[in-house]
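Okay, so here's the structure we're looking at.
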Amino acid sequence: PDEIKAMFGPSETGIIRENLMDSNYDKAIELYYEKYSEKHQELVLESEEVNKLLLFLKREGYKLGIVTGKASRSLLISLDCLNMKDLLDVIITGDDVSIPKPHPEGLNKALAQLNIKNTDAIFLGDSDADILAGKQANVHTIGVQWLPNYQALEFGVQPDQMFSNIHEFIQAIKN
């Protein structure tokens, strides 16, 4: 896992291109997406709690976006599997930026597409790269630790706020 995490930054296709000794990238990328799609149904499970949070935020009138290092093709597979595609107002993937997080380019693009000032936004993240990107974009940045096995256990950079469960976050939004 640490070896894989060390490659994070570029999208999956970028990681394959940078690390594959063979020059047959396209074949490897197609095989990757074939396996990614096959295994996704069994490995990525929908979170009822996360879905409720997103639906609550939509009902309250919040604009929702995602800024991810994932390639657009793999993100769309994930969003379809999780039934989240229609909940997002903007999607920025690793394919949409020239410099990945922790650089704020993706977050700034999302804010521009949503027509939201950084002072009117909040950015939730589960990694140091997320927290740094939010801070560099001058957005109120919230560290979340409610996805077991997926996020940093500790942040190297202090977020503006932290929440360890979705219920706490919803209560803070309501107040």
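Residue numbering restarts at 1 in every chain; chains get A, B, ... in the order shown in the structure tokens, and ligands count up from 1 in that same order.
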Enumerate, as an mmCIF file with N, CA, C and O atoms, in the first residue's frame, the complete set of residues in chain A that a backbone-based DSSP assignment places in strand (DSSP E or B).
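Output (selection-v6.cif):
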```cif
data_model
loop_
_atom_site.group_PDB
_atom_site.id
_atom_site.type_symbol
_atom_site.label_atom_id
_atom_site.label_comp_id
_atom_site.auth_asym_id
_atom_site.auth_seq_id
_atom_site.Cartn_x
_atom_site.Cartn_y
_atom_site.Cartn_z
ATOM 1 N N GLY A 65 -19.482 19.671 -5.564
ATOM 2 C CA GLY A 65 -18.490 19.335 -6.571
ATOM 3 C C GLY A 65 -17.494 18.344 -6.021
ATOM 4 O O GLY A 65 -17.411 18.131 -4.811
ATOM 5 N N ILE A 66 -16.766 17.749 -6.928
ATOM 6 C CA ILE A 66 -15.695 16.839 -6.541
ATOM 7 C C ILE A 66 -14.436 17.250 -7.285
ATOM 8 O O ILE A 66 -14.487 17.597 -8.469
ATOM 9 N N VAL A 67 -13.326 17.241 -6.559
ATOM 10 C CA VAL A 67 -12.011 17.494 -7.139
ATOM 11 C C VAL A 67 -11.185 16.274 -6.768
ATOM 12 O O VAL A 67 -10.927 16.032 -5.590
ATOM 13 N N VAL A 90 -20.418 19.927 -10.282
ATOM 14 C CA VAL A 90 -19.156 20.060 -11.017
ATOM 15 C C VAL A 90 -18.257 18.878 -10.668
ATOM 16 O O VAL A 90 -18.253 18.403 -9.531
ATOM 17 N N ILE A 91 -17.536 18.416 -11.676
ATOM 18 C CA ILE A 91 -16.582 17.320 -11.504
ATOM 19 C C ILE A 91 -15.260 17.752 -12.119
ATOM 20 O O ILE A 91 -15.200 18.090 -13.308
ATOM 21 N N ILE A 92 -14.212 17.746 -11.305
ATOM 22 C CA ILE A 92 -12.860 18.045 -11.775
ATOM 23 C C ILE A 92 -12.010 16.815 -11.479
ATOM 24 O O ILE A 92 -11.899 16.396 -10.328
ATOM 25 N N ILE A 122 -16.750 25.625 1.226
ATOM 26 C CA ILE A 122 -16.018 24.741 2.133
ATOM 27 C C ILE A 122 -15.515 23.572 1.307
ATOM 28 O O ILE A 122 -16.120 23.189 0.307
ATOM 29 N N PHE A 123 -14.376 23.046 1.704
ATOM 30 C CA PHE A 123 -13.759 21.938 0.985
ATOM 31 C C PHE A 123 -13.482 20.831 1.984
ATOM 32 O O PHE A 123 -12.795 21.048 2.977
ATOM 33 N N LEU A 124 -14.055 19.668 1.734
ATOM 34 C CA LEU A 124 -13.838 18.516 2.588
ATOM 35 C C LEU A 124 -12.771 17.637 1.962
ATOM 36 O O LEU A 124 -12.810 17.376 0.760
ATOM 37 N N GLY A 125 -11.835 17.182 2.785
ATOM 38 C CA GLY A 125 -10.776 16.324 2.270
ATOM 39 C C GLY A 125 -10.361 15.282 3.275
ATOM 40 O O GLY A 125 -10.538 15.468 4.479
ATOM 41 N N HIS A 140 -12.253 27.483 3.317
ATOM 42 C CA HIS A 140 -12.409 26.841 4.621
ATOM 43 C C HIS A 140 -12.305 25.335 4.396
ATOM 44 O O HIS A 140 -13.111 24.744 3.676
ATOM 45 N N THR A 141 -11.287 24.726 4.990
ATOM 46 C CA THR A 141 -10.943 23.333 4.691
ATOM 47 C C THR A 141 -11.237 22.444 5.886
ATOM 48 O O THR A 141 -10.789 22.715 6.999
ATOM 49 N N ILE A 142 -11.991 21.386 5.622
ATOM 50 C CA ILE A 142 -12.419 20.468 6.676
ATOM 51 C C ILE A 142 -11.799 19.103 6.427
ATOM 52 O O ILE A 142 -11.963 18.518 5.342
ATOM 53 N N GLY A 143 -11.084 18.613 7.420
ATOM 54 C CA GLY A 143 -10.536 17.265 7.352
ATOM 55 C C GLY A 143 -11.592 16.284 7.819
ATOM 56 O O GLY A 143 -12.190 16.480 8.870
ATOM 57 N N VAL A 144 -11.843 15.263 7.022
ATOM 58 C CA VAL A 144 -12.832 14.253 7.406
ATOM 59 C C VAL A 144 -12.139 12.916 7.604
ATOM 60 O O VAL A 144 -11.214 12.570 6.880
ATOM 61 N N GLN A 161 -11.132 22.742 10.327
ATOM 62 C CA GLN A 161 -12.006 21.959 11.201
ATOM 63 C C GLN A 161 -11.781 20.490 10.886
ATOM 64 O O GLN A 161 -11.284 20.152 9.822
ATOM 65 N N MET A 162 -12.200 19.619 11.831
ATOM 66 C CA MET A 162 -12.120 18.179 11.594
ATOM 67 C C MET A 162 -13.404 17.526 12.071
ATOM 68 O O MET A 162 -13.977 17.947 13.080
ATOM 69 N N PHE A 163 -13.836 16.504 11.343
ATOM 70 C CA PHE A 163 -15.000 15.731 11.742
ATOM 71 C C PHE A 163 -14.685 14.250 11.549
ATOM 72 O O PHE A 163 -14.161 13.852 10.510
#
```
**Study point:** All residues 8 Å or closer to region 47-62 of chain A, only C-alpha atoms, same chain fewer than 6 positions away omitted, as a ChimeraX atom specification
**Key:** /A:82,84,87,166,170
With C-alpha atoms retained, write the just-selected residues as a short mmCIF file (atom, residue, chain, number, x, y, z; two decimals), in the first residue's frame.
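What ended up in selection04.cif:
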```cif
data_model
loop_
_atom_site.label_atom_id
_atom_site.label_comp_id
_atom_site.auth_asym_id
_atom_site.auth_seq_id
_atom_site.Cartn_x
_atom_site.Cartn_y
_atom_site.Cartn_z
CA LEU A 82 -22.29 4.56 -6.16
CA MET A 84 -23.77 9.69 -7.17
CA LEU A 87 -25.73 14.69 -7.26
CA ILE A 166 -21.03 12.53 9.23
CA ILE A 170 -24.47 17.72 9.58
#
```
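Distances from A:Glu42, A:Glu34, A:Asp96, A:Asp128 to Ala110 (chain A) were compared using only C-alpha atoms, and the smallest one belongs to A:Asp96.
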Practice item. Would you please extract all helix (DSSP H, G or I) residues from region 39-175 of chain A, as assigned by DSSP on the backbone, and give them as number ranges by chain? Key: A: 39-43, 48-59, 72-82, 85-87, 94-96, 105-114, 118-120, 128-136, 166-174
Go ahead and dump the residues you just picked, C-alpha atoms, as a PDB file, in the first residue's frame.
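Generated file (result.pdb):
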```
ATOM      1  CA  LYS A  39     -14.042  -5.504  -9.558  1.00  0.00           C
ATOM      2  CA  HIS A  40     -15.756  -2.237  -8.716  1.00  0.00           C
ATOM      3  CA  GLN A  41     -19.164  -3.784  -8.110  1.00  0.00           C
ATOM      4  CA  GLU A  42     -17.807  -6.067  -5.384  1.00  0.00           C
ATOM      5  CA  LEU A  43     -15.134  -3.845  -3.846  1.00  0.00           C
ATOM      6  CA  GLU A  48     -26.082   5.014   2.814  1.00  0.00           C
ATOM      7  CA  GLU A  49     -24.742   7.600   5.264  1.00  0.00           C
ATOM      8  CA  VAL A  50     -22.722   9.430   2.584  1.00  0.00           C
ATOM      9  CA  ASN A  51     -25.687   9.356   0.189  1.00  0.00           C
ATOM     10  CA  LYS A  52     -27.940  10.821   2.900  1.00  0.00           C
ATOM     11  CA  LEU A  53     -25.381  13.577   3.494  1.00  0.00           C
ATOM     12  CA  LEU A  54     -25.215  14.476  -0.199  1.00  0.00           C
ATOM     13  CA  LEU A  55     -29.017  14.452  -0.536  1.00  0.00           C
ATOM     14  CA  PHE A  56     -29.328  16.622   2.598  1.00  0.00           C
ATOM     15  CA  LEU A  57     -26.820  19.142   1.212  1.00  0.00           C
ATOM     16  CA  LYS A  58     -28.640  19.254  -2.148  1.00  0.00           C
ATOM     17  CA  ARG A  59     -32.003  19.820  -0.411  1.00  0.00           C
ATOM     18  CA  SER A  72     -12.445  10.923 -15.520  1.00  0.00           C
ATOM     19  CA  ARG A  73     -13.053   7.431 -16.898  1.00  0.00           C
ATOM     20  CA  SER A  74     -12.474   5.691 -13.545  1.00  0.00           C
ATOM     21  CA  LEU A  75     -14.378   8.363 -11.640  1.00  0.00           C
ATOM     22  CA  LEU A  76     -17.424   7.877 -13.866  1.00  0.00           C
ATOM     23  CA  ILE A  77     -17.271   4.128 -13.197  1.00  0.00           C
ATOM     24  CA  SER A  78     -17.174   4.858  -9.456  1.00  0.00           C
ATOM     25  CA  LEU A  79     -19.937   7.468  -9.540  1.00  0.00           C
ATOM     26  CA  ASP A  80     -22.203   5.159 -11.554  1.00  0.00           C
ATOM     27  CA  CYS A  81     -21.538   2.297  -9.153  1.00  0.00           C
ATOM     28  CA  LEU A  82     -22.287   4.556  -6.165  1.00  0.00           C
ATOM     29  CA  LYS A  85     -23.292  11.058 -10.686  1.00  0.00           C
ATOM     30  CA  ASP A  86     -26.457  13.178 -10.681  1.00  0.00           C
ATOM     31  CA  LEU A  87     -25.728  14.687  -7.256  1.00  0.00           C
ATOM     32  CA  GLY A  94      -6.923  14.471 -12.764  1.00  0.00           C
ATOM     33  CA  ASP A  95      -7.510  14.764 -16.519  1.00  0.00           C
ATOM     34  CA  ASP A  96      -8.746  18.347 -16.094  1.00  0.00           C
ATOM     35  CA  GLU A 105      -5.656  24.326  -9.596  1.00  0.00           C
ATOM     36  CA  GLY A 106      -8.484  21.765  -9.483  1.00  0.00           C
ATOM     37  CA  LEU A 107     -10.223  23.437  -6.581  1.00  0.00           C
ATOM     38  CA  ASN A 108      -9.955  26.852  -8.238  1.00  0.00           C
ATOM     39  CA  LYS A 109     -11.439  25.410 -11.455  1.00  0.00           C
ATOM     40  CA  ALA A 110     -14.347  23.925  -9.506  1.00  0.00           C
ATOM     41  CA  LEU A 111     -15.036  27.236  -7.764  1.00  0.00           C
ATOM     42  CA  ALA A 112     -14.959  29.068 -11.104  1.00  0.00           C
ATOM     43  CA  GLN A 113     -17.358  26.581 -12.722  1.00  0.00           C
ATOM     44  CA  LEU A 114     -19.702  26.817  -9.746  1.00  0.00           C
ATOM     45  CA  ASN A 118     -13.478  30.884  -2.163  1.00  0.00           C
ATOM     46  CA  THR A 119     -14.782  32.682   0.933  1.00  0.00           C
ATOM     47  CA  ASP A 120     -18.258  31.210   0.313  1.00  0.00           C
ATOM     48  CA  ASP A 128      -2.842  15.915   3.320  1.00  0.00           C
ATOM     49  CA  ALA A 129      -2.979  16.768  -0.403  1.00  0.00           C
ATOM     50  CA  ASP A 130      -6.639  17.749   0.019  1.00  0.00           C
ATOM     51  CA  ILE A 131      -5.967  19.886   3.074  1.00  0.00           C
ATOM     52  CA  LEU A 132      -3.026  21.646   1.401  1.00  0.00           C
ATOM     53  CA  ALA A 133      -5.041  22.307  -1.768  1.00  0.00           C
ATOM     54  CA  GLY A 134      -7.902  23.784   0.255  1.00  0.00           C
ATOM     55  CA  LYS A 135      -5.565  25.965   2.301  1.00  0.00           C
ATOM     56  CA  GLN A 136      -3.717  27.201  -0.802  1.00  0.00           C
ATOM     57  CA  ILE A 166     -21.029  12.528   9.231  1.00  0.00           C
ATOM     58  CA  HIS A 167     -23.596  13.241  11.953  1.00  0.00           C
ATOM     59  CA  GLU A 168     -21.226  15.770  13.629  1.00  0.00           C
ATOM     60  CA  PHE A 169     -20.719  17.478  10.277  1.00  0.00           C
ATOM     61  CA  ILE A 170     -24.471  17.719   9.584  1.00  0.00           C
ATOM     62  CA  GLN A 171     -25.058  19.193  13.034  1.00  0.00           C
ATOM     63  CA  ALA A 172     -22.334  21.804  12.415  1.00  0.00           C
ATOM     64  CA  ILE A 173     -23.916  22.722   9.054  1.00  0.00           C
ATOM     65  CA  LYS A 174     -27.343  23.117  10.648  1.00  0.00           C
TER      66      LYS A 174
END
```
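Atom pair CA of Asn115 (chain A) / CA of Thr93 (chain A): separated by 18.1 Å.
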Exercise for review: State, in Å with one decimal place, the distance from CA of Lys117 (chain A) to CA of Leu88 (chain A).
Suggested key: 17.9 Å
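Closest to Tyr25 (chain A) among A:Asn83, A:Ser37, A:Thr68, A:Thr13 is A:Thr13, based on only C-alpha atoms.
Interatomic distance, CA of Ala28 (chain A) to CA of Ile16 (chain A): 7.6 Å.
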Tell me which protein, DNA and RNA residues are within 6 Å of Ser11 (chain A), counting only C-alpha atoms, leaving out same-chain ones fewer than 6 positions away, and put them as a PDB file with C-alpha atoms, in the first residue's frame.
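Output saved as selection-v9.pdb:
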```pdb
ATOM      1  CA  GLY A  69      -6.875  12.962  -8.880  1.00  0.00           C
ATOM      2  CA  LYS A  70      -8.736  10.043 -10.450  1.00  0.00           C
ATOM      3  CA  ALA A  71      -9.017   9.970 -14.212  1.00  0.00           C
ATOM      4  CA  GLY A  94      -6.923  14.471 -12.764  1.00  0.00           C
TER       5      GLY A  94
END
```
